[in-house]
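Structure data follow from model_36.tsv (TSV, C-alpha atoms):
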chain	number	residue	atom	x	y	z
R	263	MET	CA	4.41	-20.67	-39.40
R	264	ASP	CA	0.65	-20.96	-38.93
R	265	PRO	CA	-0.91	-23.94	-37.12
R	266	HIS	CA	-1.98	-25.70	-40.32
R	267	ARG	CA	1.51	-25.64	-41.84
R	268	PHE	CA	2.93	-26.68	-38.50
R	269	ARG	CA	0.43	-29.54	-38.30
R	270	ALA	CA	1.49	-30.85	-41.71
R	271	GLN	CA	4.80	-31.95	-40.18
R	272	PHE	CA	3.04	-34.61	-38.07
R	273	PRO	CA	1.89	-37.52	-40.26
R	274	SER	CA	-0.17	-39.23	-37.55
R	275	LEU	CA	-2.51	-36.25	-37.42
R	276	ALA	CA	-3.92	-37.20	-40.82
R	277	ASP	CA	-6.03	-39.89	-39.13
R	278	THR	CA	-5.62	-39.23	-35.41
R	279	THR	CA	-6.82	-36.46	-33.12
R	280	HIS	CA	-3.87	-36.11	-30.75
R	281	LEU	CA	-4.94	-34.50	-27.48
R	282	ALA	CA	-2.39	-36.12	-25.17
R	283	SER	CA	0.64	-33.84	-25.42
R	284	CYS	CA	0.66	-33.68	-21.61
R	285	SER	CA	1.78	-37.32	-21.78
R	286	GLN	CA	3.50	-37.72	-25.16
R	287	GLY	CA	3.64	-35.24	-27.99
R	288	ALA	CA	2.90	-36.22	-31.57
R	289	ILE	CA	5.99	-37.20	-33.59
R	290	ALA	CA	7.17	-34.88	-36.35
R	291	THR	CA	8.83	-36.10	-39.54
R	292	SER	CA	12.06	-34.37	-38.53
R	293	VAL	CA	12.13	-36.35	-35.26
R	294	THR	CA	11.74	-39.60	-37.20
R	295	ALA	CA	14.51	-38.46	-39.55
R	296	ALA	CA	16.80	-37.69	-36.60
R	297	LEU	CA	16.29	-41.19	-35.22
R	298	ALA	CA	17.02	-42.64	-38.65
R	299	GLU	CA	20.23	-40.59	-38.80
R	300	MET	CA	21.34	-41.96	-35.45
R	301	ALA	CA	20.62	-45.53	-36.56
R	302	TYR	CA	22.46	-44.98	-39.85
R	303	LEU	CA	25.56	-43.71	-38.05
R	304	VAL	CA	25.66	-46.84	-35.91
R	305	ARG	CA	25.28	-49.01	-39.02
R	306	ASP	CA	27.90	-47.03	-40.93
R	307	GLN	CA	30.49	-46.30	-38.24
R	308	GLY	CA	29.82	-48.89	-35.55
R	309	ALA	CA	30.58	-46.67	-32.56
R	310	PRO	CA	30.23	-43.03	-33.66
R	311	TRP	CA	31.09	-41.44	-30.30
R	312	GLY	CA	32.34	-38.22	-31.89
R	313	ALA	CA	29.03	-37.64	-33.65
R	314	TRP	CA	27.11	-38.56	-30.51
R	315	MET	CA	28.99	-36.12	-28.32
R	316	THR	CA	28.51	-33.38	-30.90
R	317	GLU	CA	24.76	-34.06	-30.80
R	318	VAL	CA	24.71	-33.97	-27.00
R	319	GLU	CA	26.30	-30.53	-27.01
R	320	ARG	CA	23.96	-29.35	-29.77
R	321	LEU	CA	21.02	-30.40	-27.63
R	322	ARG	CA	22.49	-28.60	-24.62
R	323	ALA	CA	22.84	-25.39	-26.63
R	324	THR	CA	19.39	-25.75	-28.20
R	325	ALA	CA	17.70	-26.35	-24.84
R	326	ALA	CA	19.57	-23.40	-23.33
R	327	SER	CA	18.45	-21.08	-26.10
R	328	PHE	CA	14.86	-22.31	-25.80
R	329	LEU	CA	14.81	-21.45	-22.08
R	330	ASN	CA	16.89	-18.26	-22.48
R	331	ALA	CA	19.68	-19.77	-20.40
R	332	SER	CA	23.36	-20.26	-21.09
R	333	ALA	CA	24.63	-23.69	-22.11
R	334	SER	CA	26.72	-23.81	-18.93
R	335	GLU	CA	23.46	-23.72	-16.91
R	336	ILE	CA	22.01	-26.85	-18.56
R	337	ALA	CA	22.45	-30.43	-17.38
R	338	LEU	CA	21.06	-33.29	-19.46
R	339	VAL	CA	19.74	-35.95	-17.08
R	340	PRO	CA	17.73	-39.16	-17.60
R	341	SER	CA	14.49	-37.98	-16.00
R	342	ALA	CA	12.79	-35.35	-13.89
R	343	SER	CA	13.24	-37.70	-10.92
R	344	HIS	CA	17.01	-37.64	-11.44
R	345	GLY	CA	16.95	-33.86	-11.65
R	346	ALA	CA	14.87	-33.53	-8.48
R	347	PHE	CA	17.27	-35.80	-6.61
R	348	GLN	CA	20.26	-33.73	-7.69
R	349	VAL	CA	18.58	-30.52	-6.55
R	350	ALA	CA	17.56	-31.93	-3.17
R	351	ASN	CA	21.03	-33.36	-2.60
R	352	ALA	CA	22.63	-29.98	-3.34
R	353	VAL	CA	20.73	-28.35	-0.45
R	354	ASP	CA	21.80	-28.63	3.19
R	355	PHE	CA	18.95	-29.97	5.32
R	356	ALA	CA	20.97	-30.24	8.54
R	357	ALA	CA	19.28	-29.26	11.81
R	358	GLY	CA	15.76	-30.15	10.74
R	359	GLY	CA	15.54	-28.43	7.40
R	360	VAL	CA	12.14	-28.39	5.67
R	361	ILE	CA	11.07	-29.01	2.07
R	362	VAL	CA	7.79	-27.39	1.03
R	363	SER	CA	6.06	-29.06	-1.89
R	364	MET	CA	2.55	-29.33	-3.28
R	365	ALA	CA	0.22	-32.29	-2.79
R	366	ALA	CA	-0.58	-31.92	-6.50
R	367	GLU	CA	3.12	-32.21	-7.43
R	368	PHE	CA	3.82	-34.93	-9.98
R	369	PRO	CA	5.36	-37.98	-8.24
R	370	SER	CA	8.57	-37.71	-10.31
R	371	VAL	CA	9.38	-34.65	-8.22
R	372	GLY	CA	7.22	-34.91	-5.10
R	373	GLN	CA	8.17	-38.46	-4.13
R	374	VAL	CA	11.88	-37.84	-4.73
R	375	LEU	CA	11.86	-34.73	-2.55
R	376	HIS	CA	9.91	-36.52	0.16
R	377	ALA	CA	12.51	-39.30	0.23
R	378	GLN	CA	15.31	-36.81	0.89
R	379	ARG	CA	14.22	-35.95	4.43
R	380	ARG	CA	17.19	-36.21	6.74
R	381	GLY	CA	17.41	-36.38	10.50
R	382	ASP	CA	14.46	-34.59	12.03
R	383	GLY	CA	13.65	-32.71	8.83
R	384	GLU	CA	10.24	-32.87	7.21
R	385	THR	CA	8.33	-32.39	4.00
R	386	ARG	CA	5.35	-30.04	4.24
R	387	TRP	CA	2.61	-30.46	1.69
R	388	VAL	CA	0.48	-27.63	0.35
R	389	SER	CA	-2.95	-29.26	0.24
R	390	HIS	CA	-5.61	-29.09	-2.46
R	391	ASP	CA	-8.13	-27.71	0.02
R	392	ALA	CA	-5.79	-24.94	1.16
R	393	MET	CA	-5.14	-23.93	-2.44
R	394	ARG	CA	-8.86	-23.72	-3.10
R	395	THR	CA	-9.77	-21.81	0.03
R	396	LEU	CA	-6.72	-19.60	0.58
R	397	GLY	CA	-5.33	-19.40	-2.93
R	398	VAL	CA	-2.05	-20.97	-4.00
R	399	VAL	CA	0.24	-18.18	-2.77
R	400	GLU	CA	-1.27	-17.99	0.72
R	401	ALA	CA	-1.39	-21.78	0.98
R	402	TYR	CA	2.34	-21.92	0.32
R	403	ARG	CA	3.07	-19.00	2.63
R	404	ALA	CA	1.36	-20.84	5.48
R	405	GLN	CA	3.87	-23.71	5.12
R	406	ILE	CA	7.05	-21.64	4.70
R	407	ASP	CA	9.04	-20.56	7.75
R	408	ASP	CA	12.64	-20.05	8.87
R	409	ALA	CA	13.29	-23.82	8.78
R	410	THR	CA	12.45	-24.02	5.07
R	411	ARG	CA	15.41	-24.86	2.84
R	412	LEU	CA	13.76	-25.74	-0.47
R	413	VAL	CA	10.42	-24.77	-2.01
R	414	SER	CA	9.21	-26.80	-4.99
R	415	ILE	CA	6.60	-25.32	-7.32
R	416	PRO	CA	5.05	-26.89	-10.44
R	417	LEU	CA	4.76	-24.29	-13.17
R	418	ALA	CA	1.73	-26.19	-14.46
R	419	LEU	CA	-0.18	-28.93	-12.64
R	420	TYR	CA	-0.22	-32.35	-14.29
R	421	THR	CA	-3.82	-32.83	-13.13
R	422	ASN	CA	-5.58	-29.89	-14.79
R	423	GLY	CA	-2.70	-28.04	-16.43
R	424	SER	CA	-3.29	-24.85	-14.45
R	425	LEU	CA	-0.42	-22.35	-14.32
R	426	GLN	CA	0.82	-21.52	-10.85
R	427	PRO	CA	1.92	-18.07	-9.59
R	428	VAL	CA	5.57	-19.10	-9.28
R	429	ASN	CA	7.18	-15.72	-8.68
R	430	GLU	CA	4.66	-14.73	-6.02
R	431	ILE	CA	5.35	-17.97	-4.14
R	432	ALA	CA	9.10	-17.59	-4.63
R	433	LYS	CA	8.95	-14.20	-2.93
R	434	HIS	CA	8.02	-15.90	0.35
R	435	ALA	CA	10.74	-18.53	-0.13
R	436	ARG	CA	13.36	-15.80	-0.59
R	437	GLU	CA	12.28	-14.05	2.60
R	438	VAL	CA	13.52	-17.06	4.61
R	439	GLY	CA	16.54	-17.80	2.41
R	440	ALA	CA	15.11	-20.95	0.82
R	441	ARG	CA	15.99	-22.14	-2.64
R	442	VAL	CA	13.34	-22.55	-5.32
R	443	LEU	CA	12.80	-25.49	-7.69
R	444	VAL	CA	10.31	-25.20	-10.56
R	445	ASP	CA	8.95	-28.21	-12.46
R	446	ALA	CA	8.05	-26.93	-15.93
R	447	TYR	CA	7.49	-30.34	-17.53
R	448	GLN	CA	3.75	-29.75	-18.08
R	449	ALA	CA	4.29	-26.36	-19.70
R	450	ALA	CA	7.56	-26.19	-21.65
R	451	GLY	CA	6.84	-26.33	-25.37
R	452	VAL	CA	3.57	-24.43	-25.33
R	453	VAL	CA	3.86	-21.92	-22.46
R	454	PRO	CA	6.69	-19.44	-23.14
R	455	ILE	CA	9.47	-20.00	-20.60
R	456	ASP	CA	12.22	-17.48	-19.94
R	457	VAL	CA	14.34	-18.41	-16.95
R	458	ALA	CA	15.52	-14.80	-16.73
R	459	GLY	CA	11.97	-13.90	-15.68
R	460	ILE	CA	11.32	-16.86	-13.37
R	461	ASP	CA	12.55	-16.51	-9.79
R	462	CYS	CA	14.06	-19.96	-9.36
R	463	ASP	CA	17.41	-21.53	-8.67
R	464	TYR	CA	16.58	-24.72	-10.55
R	465	LEU	CA	14.09	-25.64	-13.25
R	466	ILE	CA	13.31	-29.09	-14.61
R	467	THR	CA	11.62	-30.04	-17.84
R	468	GLY	CA	11.68	-33.04	-20.16
R	469	THR	CA	11.37	-33.80	-23.82
R	470	LEU	CA	8.60	-36.34	-24.35
R	471	LYS	CA	5.58	-34.08	-23.82
R	472	TYR	CA	5.08	-30.62	-25.32
R	473	LEU	CA	8.76	-30.47	-26.38
R	474	LEU	CA	7.90	-33.12	-29.00
R	475	GLY	CA	10.69	-35.59	-28.26
R	476	LEU	CA	10.81	-38.94	-26.49
R	477	ALA	CA	11.31	-40.29	-22.98
R	478	GLY	CA	14.85	-40.66	-21.67
R	479	ILE	CA	16.16	-37.09	-21.44
R	480	ALA	CA	15.25	-34.30	-19.04
R	481	VAL	CA	16.72	-30.82	-18.82
R	482	LEU	CA	17.89	-29.46	-15.48
R	483	PHE	CA	18.54	-25.71	-15.41
R	484	ALA	CA	20.85	-24.73	-12.55
R	485	ARG	CA	21.26	-20.98	-12.32
R	486	SER	CA	24.82	-19.74	-12.57
R	487	GLY	CA	26.13	-18.48	-9.24
R	488	VAL	CA	23.98	-20.79	-7.10
R	489	ALA	CA	26.56	-22.88	-5.25
R	490	ASP	CA	25.90	-26.42	-4.11
R	491	GLN	CA	25.81	-26.86	-0.35
R	492	HIS	CA	26.68	-30.52	-0.97
R	493	PRO	CA	28.47	-31.98	-4.02
R	494	PRO	CA	26.49	-34.36	-6.25
R	495	ARG	CA	26.23	-37.89	-4.86
R	496	MET	CA	24.58	-39.37	-7.93
R	497	THR	CA	27.36	-38.96	-10.44
R	498	GLY	CA	29.26	-40.71	-13.20
R	499	TRP	CA	31.70	-40.13	-15.98
R	500	PHE	CA	29.60	-37.40	-17.64
R	501	GLY	CA	29.64	-35.49	-14.36
R	502	ARG	CA	33.41	-34.96	-14.58
R	503	VAL	CA	35.45	-32.01	-15.83
R	504	ASP	CA	36.74	-34.25	-18.63
R	505	PRO	CA	34.51	-37.30	-19.13
R	506	PHE	CA	37.07	-38.92	-21.41
R	507	ASN	CA	39.87	-38.79	-18.86
R	508	PHE	CA	38.86	-42.29	-17.68
R	509	ASP	CA	40.33	-41.98	-14.20
R	510	PRO	CA	38.05	-43.75	-11.70
R	511	THR	CA	40.06	-42.33	-8.80
R	512	SER	CA	39.29	-38.74	-9.78
R	513	LEU	CA	36.11	-37.06	-8.57
R	514	ASP	CA	36.54	-33.55	-9.91
R	515	VAL	CA	33.29	-31.57	-10.17
R	516	PRO	CA	32.67	-29.03	-12.96
R	517	LYS	CA	31.42	-25.58	-12.04
R	518	GLU	CA	28.85	-25.82	-14.82
R	519	ALA	CA	25.46	-27.53	-14.50
R	520	ARG	CA	27.07	-30.60	-16.10
R	521	ARG	CA	28.10	-31.54	-12.56
R	522	PHE	CA	24.59	-32.98	-12.15
R	523	GLU	CA	25.00	-35.43	-15.04
R	524	SER	CA	25.90	-39.08	-14.47
R	525	GLY	CA	26.12	-41.87	-17.05
R	526	THR	CA	25.91	-41.95	-20.83
R	527	PRO	CA	22.88	-40.02	-22.10
R	528	ALA	CA	20.13	-41.87	-23.98
R	529	ILE	CA	21.57	-41.15	-27.40
R	530	PRO	CA	18.44	-41.90	-29.49
R	531	THR	CA	16.45	-39.56	-27.25
R	532	VAL	CA	19.15	-36.89	-27.59
R	533	TYR	CA	18.65	-36.90	-31.37
R	534	ALA	CA	14.85	-36.85	-31.02
R	535	ALA	CA	14.93	-34.10	-28.38
R	536	ARG	CA	16.94	-31.63	-30.41
R	537	ALA	CA	14.81	-32.28	-33.49
R	538	GLY	CA	11.62	-31.71	-31.49
R	539	ILE	CA	12.81	-28.40	-30.08
R	540	GLU	CA	13.91	-27.29	-33.55
R	541	VAL	CA	10.36	-27.92	-34.77
R	542	LEU	CA	9.07	-25.63	-32.02
R	543	ASN	CA	11.61	-22.98	-32.97
R	544	GLN	CA	9.74	-22.51	-36.25
R	545	VAL	CA	6.95	-20.76	-34.34
R	546	ASP	CA	6.92	-17.55	-32.30
R	547	PRO	CA	6.42	-18.56	-28.63
R	548	ILE	CA	3.69	-15.99	-28.03
R	549	ALA	CA	1.78	-17.07	-31.15
R	550	ARG	CA	2.11	-20.70	-30.08
R	551	TRP	CA	0.74	-20.01	-26.61
R	552	THR	CA	-2.06	-17.71	-27.80
R	553	HIS	CA	-3.29	-20.42	-30.16
R	554	VAL	CA	-3.31	-23.01	-27.36
R	555	GLU	CA	-5.00	-20.61	-24.94
R	556	ASN	CA	-7.81	-20.06	-27.43
R	557	LEU	CA	-8.31	-23.79	-27.93
R	558	VAL	CA	-8.43	-24.38	-24.18
R	559	ALA	CA	-10.93	-21.57	-23.63
R	560	GLU	CA	-13.25	-22.77	-26.40
R	561	THR	CA	-13.12	-26.40	-25.28
R	562	SER	CA	-13.75	-25.49	-21.65
R	563	ALA	CA	-16.75	-23.37	-22.59
R	564	ARG	CA	-18.27	-26.03	-24.84
R	565	LEU	CA	-17.84	-28.86	-22.37
R	566	ALA	CA	-19.16	-26.80	-19.47
R	567	GLU	CA	-22.20	-25.83	-21.53
R	568	ALA	CA	-22.72	-29.54	-22.29
R	569	GLY	CA	-22.86	-30.24	-18.56
R	570	GLU	CA	-19.40	-31.69	-18.05
R	571	THR	CA	-17.69	-31.16	-14.71
R	572	LEU	CA	-14.25	-29.63	-15.16
R	573	SER	CA	-11.32	-29.35	-12.78
R	574	VAL	CA	-10.53	-25.64	-12.88
R	575	PRO	CA	-7.58	-23.59	-11.57
R	576	ALA	CA	-7.35	-22.45	-7.95
R	577	PRO	CA	-8.31	-18.80	-7.39
R	578	ASP	CA	-4.89	-17.26	-8.11
R	579	ALA	CA	-3.79	-19.79	-10.75
R	580	LYS	CA	-4.55	-19.54	-14.49
R	581	PRO	CA	-5.70	-21.98	-17.19
R	582	GLY	CA	-2.85	-23.87	-18.80
R	583	PRO	CA	-2.56	-26.01	-21.94
R	584	GLN	CA	-5.15	-28.62	-21.05
R	585	VAL	CA	-8.78	-29.16	-20.13
R	586	ALA	CA	-9.50	-31.62	-17.30
R	587	VAL	CA	-12.81	-33.49	-17.40
R	588	VAL	CA	-13.87	-35.05	-14.08
R	589	ASP	CA	-15.26	-38.53	-14.66
R	590	PRO	CA	-15.98	-41.61	-12.49
R	591	ASP	CA	-14.05	-43.82	-14.95
R	592	PRO	CA	-11.70	-41.75	-17.12
R	593	GLU	CA	-9.94	-44.89	-18.34
R	594	ALA	CA	-13.18	-46.11	-19.91
R	595	LEU	CA	-13.85	-42.71	-21.43
R	596	ALA	CA	-10.32	-42.57	-22.83
R	597	ALA	CA	-10.74	-46.05	-24.33
R	598	PHE	CA	-14.01	-44.99	-25.96
R	599	LEU	CA	-12.29	-41.98	-27.50
R	600	ALA	CA	-9.25	-44.02	-28.55
R	601	ALA	CA	-11.53	-46.37	-30.51
R	602	ARG	CA	-12.45	-43.26	-32.53
R	603	ARG	CA	-8.78	-42.29	-33.03
R	604	ILE	CA	-8.93	-39.54	-30.39
R	605	VAL	CA	-5.95	-39.82	-28.06
R	606	THR	CA	-6.33	-38.36	-24.55
R	607	SER	CA	-4.66	-38.98	-21.18
R	608	PRO	CA	-6.57	-40.27	-18.12
R	609	ARG	CA	-5.12	-39.67	-14.66
R	610	GLY	CA	-6.91	-40.52	-11.42
R	611	SER	CA	-10.43	-39.11	-11.63
R	612	ILE	CA	-9.64	-36.85	-14.59
R	613	LEU	CA	-9.51	-37.17	-18.35
R	614	ARG	CA	-6.85	-34.76	-19.60
R	615	ILE	CA	-7.39	-33.10	-22.97
R	616	ALA	CA	-4.12	-31.39	-23.85
R	617	PHE	CA	-3.57	-28.97	-26.73
R	618	HIS	CA	-0.54	-28.05	-28.81
R	619	TYR	CA	0.07	-25.70	-31.69
R	620	TYR	CA	-0.80	-28.49	-34.13
R	621	ASN	CA	-4.33	-28.80	-32.77
R	622	THR	CA	-7.30	-27.12	-34.45
R	623	THR	CA	-10.93	-26.24	-33.80
R	624	GLU	CA	-11.82	-29.38	-35.77
R	625	ASP	CA	-10.12	-31.37	-33.02
R	626	ILE	CA	-12.38	-29.63	-30.51
R	627	ASP	CA	-15.43	-30.61	-32.54
R	628	ARG	CA	-14.33	-34.25	-32.65
R	629	VAL	CA	-13.65	-34.64	-28.95
R	630	CYS	CA	-16.74	-32.75	-27.80
R	631	THR	CA	-18.97	-34.74	-30.18
R	632	ALA	CA	-17.43	-38.03	-29.05
R	633	ILE	CA	-17.80	-37.23	-25.34
R	634	ALA	CA	-21.46	-36.33	-25.92
R	635	GLU	CA	-21.94	-39.69	-27.69
R	636	TYR	CA	-20.32	-41.47	-24.74
R	637	ARG	CA	-22.68	-39.75	-22.30
R	638	ARG	CA	-25.71	-40.72	-24.36
R	639	GLN	CA	-24.65	-44.39	-24.23
R	640	ALA	CA	-24.01	-44.38	-20.48

So, in terms of structure tokens, how does the structure I just supplied come out?
Amino acid sequence: MDPHRFRAQFPSLADTTHLASCSQGAIATSVTAALAEMAYLVRDQGAPWGAWMTEVERLRATAASFLNASASEIALVPSASHGAFQVANAVDFAAGGVIVSMAAEFPSVGQVLHAQRRGDGETRWVSHDAMRTLGVVEAYRAQIDDATRLVSIPLALYTNGSLQPVNEIAKHAREVGARVLVDAYQAAGVVPIDVAGIDCDYLITGTLKYLLGLAGIAVLFARSGVADQHPPRMTGWFGRVDPFNFDPTSLDVPKEARRFESGTPAIPTVYAARAGIEVLNQVDPIARWTHVENLVAETSARLAEAGETLSVPAPDAKPGPQVAVVDPDPEALAAFLAARRIVTSPRGSILRIAFHYYNTTEDIDRVCTAIAEYRRQA
């Protein structure tokens, strides 16, 4: 399916330039239909638990296929924060164990990991300056030593979208026996992801951004054969061998990744999530990413030529699915664009312009023209 046919499935794009997929993807007609189906089942059946559980397992299988994992390696959790907590809790940090993370890590992961320090353990942060001067791999290597138990790596930065050299960093983690967590939330849906080719023990992503769903569900990949050093502490009835056994005195733990689940999943989001991934399955992953890469390259070139300051990847990172414009007041710039039906995502000192397969060169024209108009009025 070419980008124009793909785009036709998103009604809002008829009058809106959606460049905020790094925050929330546009909503496809099939996602709206899935939500309507869920609402109809409640109206028709009252408490359609059988249908809901079928949909949960369909989402598990769909997410597994999308990541090239097995369904047994997929846990459906409420958020990336929940997933990060489960990963950190599974690792033994006794005797001063160290977590190595990135200062540019999104707080959903970074703050959770930082809070898991135990005893005389510590969190070591890979700084922005070190990444710029040493390169990402060397900056990580400088923080990893024999005390390191867990290394967390964003596949793509939320700030400028740049793709990080995950496997090269993971090599240093493996040399000291540390486990590897990858946050793929800012990449999954546009950047092809095959967990068979990513050297990680755990990978987190969620459904509201490039995966075209809604908030309330995240996917935690836990590689088969990686044993927990501690059993899950955040648990619930969906984290049991048989959730419908209803025995509060039993605390059996499945071998599958489901052991990281807790309470009832957000059922509306489950329906939306599977529908969003199915929309993406209509497109070859390489074609999807090539299209986005071309849009990013053209936008970066045009904005740089116009004199805009861009936040670019560190020396050994690569451009990802967004362009990051440095601005003294990105909220004001985003509001100016929003008044012209151009949706972007400001964060800190950066305006994020994020692309998906449904975006076109006409979208580039609109946003570049509008930013130039904003500068002229400043």

Please check which residues have atoms at most 10 Å from (19.4, -25.7, 5.0) in the file's coordinates, counting all atoms listed in the file, and write them as JSON, numbers by chain. {"R": [352, 353, 354, 355, 356, 357, 358, 359, 360, 361, 383, 408, 409, 410, 411, 412, 439, 440, 441, 491]}

Next, the residues of the selection above should be written as a PDB file, in the coordinates of the input with C-alpha atoms.
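Result saved to selection-v1.pdb:
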ATOM      1  CA  ALA R 352      22.630 -29.980  -3.340  1.00  0.00           C
ATOM      2  CA  VAL R 353      20.730 -28.350  -0.450  1.00  0.00           C
ATOM      3  CA  ASP R 354      21.800 -28.630   3.190  1.00  0.00           C
ATOM      4  CA  PHE R 355      18.950 -29.970   5.320  1.00  0.00           C
ATOM      5  CA  ALA R 356      20.970 -30.240   8.540  1.00  0.00           C
ATOM      6  CA  ALA R 357      19.280 -29.260  11.810  1.00  0.00           C
ATOM      7  CA  GLY R 358      15.760 -30.150  10.740  1.00  0.00           C
ATOM      8  CA  GLY R 359      15.540 -28.430   7.400  1.00  0.00           C
ATOM      9  CA  VAL R 360      12.140 -28.390   5.670  1.00  0.00           C
ATOM     10  CA  ILE R 361      11.070 -29.010   2.070  1.00  0.00           C
ATOM     11  CA  GLY R 383      13.650 -32.710   8.830  1.00  0.00           C
ATOM     12  CA  ASP R 408      12.640 -20.050   8.870  1.00  0.00           C
ATOM     13  CA  ALA R 409      13.290 -23.820   8.780  1.00  0.00           C
ATOM     14  CA  THR R 410      12.450 -24.020   5.070  1.00  0.00           C
ATOM     15  CA  ARG R 411      15.410 -24.860   2.840  1.00  0.00           C
ATOM     16  CA  LEU R 412      13.760 -25.740  -0.470  1.00  0.00           C
ATOM     17  CA  GLY R 439      16.540 -17.800   2.410  1.00  0.00           C
ATOM     18  CA  ALA R 440      15.110 -20.950   0.820  1.00  0.00           C
ATOM     19  CA  ARG R 441      15.990 -22.140  -2.640  1.00  0.00           C
ATOM     20  CA  GLN R 491      25.810 -26.860  -0.350  1.00  0.00           C
TER      21      GLN R 491
END

Find, counting only C-alpha atoms, the residue in R:Ala586, R:Leu321, R:Leu396, R:Leu303 that gets nearest to Arg609 of chain R.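 Comparing R:Ala586, R:Leu321, R:Leu396, R:Leu303 against Arg609 of chain R, the winner is R:Ala586.
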
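Shortest atom-to-atom contact with Ala534 of chain R among R:Ala404, R:Ala449, R:Leu470, R:Val442: R:Leu470, counting only C-alpha atoms.
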
What's around Thr279 of chain R at 10 Å? Count only C-alpha atoms, leave out sequence neighbours fewer than 6 positions away in its own chain, and write the answer as JSON, numbers by chain. {"R": [288, 599, 600, 602, 603, 604, 605, 606, 621, 622, 624, 625, 626, 628, 629]}

Go ahead and dump the residues you just picked, C-alpha atoms, as an mmCIF file, in the frame of the given file.
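Saved as again.cif:
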data_model
loop_
_atom_site.group_PDB
_atom_site.id
_atom_site.type_symbol
_atom_site.label_atom_id
_atom_site.label_comp_id
_atom_site.auth_asym_id
_atom_site.auth_seq_id
_atom_site.Cartn_x
_atom_site.Cartn_y
_atom_site.Cartn_z
ATOM 1 C CA ALA R 288 2.900 -36.220 -31.570
ATOM 2 C CA LEU R 599 -12.290 -41.980 -27.500
ATOM 3 C CA ALA R 600 -9.250 -44.020 -28.550
ATOM 4 C CA ARG R 602 -12.450 -43.260 -32.530
ATOM 5 C CA ARG R 603 -8.780 -42.290 -33.030
ATOM 6 C CA ILE R 604 -8.930 -39.540 -30.390
ATOM 7 C CA VAL R 605 -5.950 -39.820 -28.060
ATOM 8 C CA THR R 606 -6.330 -38.360 -24.550
ATOM 9 C CA ASN R 621 -4.330 -28.800 -32.770
ATOM 10 C CA THR R 622 -7.300 -27.120 -34.450
ATOM 11 C CA GLU R 624 -11.820 -29.380 -35.770
ATOM 12 C CA ASP R 625 -10.120 -31.370 -33.020
ATOM 13 C CA ILE R 626 -12.380 -29.630 -30.510
ATOM 14 C CA ARG R 628 -14.330 -34.250 -32.650
ATOM 15 C CA VAL R 629 -13.650 -34.640 -28.950
#

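Proximity ranking of R:Asp445, R:Gly312, R:Asp391, R:Gly468 relative to Pro369 of chain R places R:Asp445 first, based on all atoms listed in the file.
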
Counting all atoms listed in the file, the option among R:Gln348, R:Ile615, R:Trp387, R:Pro583 closest to Thr497 of chain R: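 When distances to Thr497 of chain R are compared using all atoms listed in the file, the smallest one comes from R:Gln348.
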
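Residues with any atom within 12 Å of Gly569 of chain R, counting all atoms listed in the file and excluding same-chain neighbours fewer than 3 positions away, are R:Ser562, R:Ala563, R:Arg564, R:Leu565, R:Ala566, R:Leu572, R:Val587, R:Val588, R:Asp589, R:Cys630, R:Ile633, R:Ala634, R:Arg637.
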
Smallest atom-to-atom distance to Tyr620 of chain R: which of R:Pro590, R:Asp456, R:Leu474, R:Ala484, using all atoms listed in the file? R:Leu474

Figure out the distance between atom CA of Pro516 of chain R and atom CA of Gly501 of chain R, please, to one decimal in Å.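 Here the two named atoms are 7.3 Å from each other.
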
Could you list, as a PyMOL selection string, every residue within 10 Å of Gly487 of chain R, counting only C-alpha atoms and ignoring same-chain residues fewer than 5 positions away? chain R and resi 335+463+517-518

Please tabulate, as JSON lines, the residues of segment 445-497 of chain R that come within 10 Å of segment 542-558 of chain R, each with its closest pair of atoms and the distance in Å to one decimal, counting only C-alpha atoms and ordering rows by chain, then residue number upward.
{"residue": "R:Gly451", "atom": "CA", "partner": "R:Leu542", "partner_atom": "CA", "distance": 7.0}
{"residue": "R:Val452", "atom": "CA", "partner": "R:Trp551", "partner_atom": "CA", "distance": 5.4}
{"residue": "R:Val453", "atom": "CA", "partner": "R:Trp551", "partner_atom": "CA", "distance": 5.5}
{"residue": "R:Pro454", "atom": "CA", "partner": "R:Pro547", "partner_atom": "CA", "distance": 5.6}
{"residue": "R:Ile455", "atom": "CA", "partner": "R:Pro547", "partner_atom": "CA", "distance": 8.7}
{"residue": "R:Tyr472", "atom": "CA", "partner": "R:Leu542", "partner_atom": "CA", "distance": 9.3}
{"residue": "R:Leu473", "atom": "CA", "partner": "R:Leu542", "partner_atom": "CA", "distance": 7.4}
{"residue": "R:Leu474", "atom": "CA", "partner": "R:Leu542", "partner_atom": "CA", "distance": 8.2}

Restrict the selected residues to C-alpha atoms and save them as a CSV table (one decimal), keeping the file's coordinate frame.
chain,number,residue,atom,x,y,z
R,451,GLY,CA,6.8,-26.3,-25.4
R,452,VAL,CA,3.6,-24.4,-25.3
R,453,VAL,CA,3.9,-21.9,-22.5
R,454,PRO,CA,6.7,-19.4,-23.1
R,455,ILE,CA,9.5,-20.0,-20.6
R,472,TYR,CA,5.1,-30.6,-25.3
R,473,LEU,CA,8.8,-30.5,-26.4
R,474,LEU,CA,7.9,-33.1,-29.0

Choose the residue, out of R:Gly423, R:Gly459, R:Pro592, R:Pro527, that has the smallest atom-to-atom separation from Glu319 of chain R; count only C-alpha atoms.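 Under the stated criterion, the closest residue is R:Pro527.
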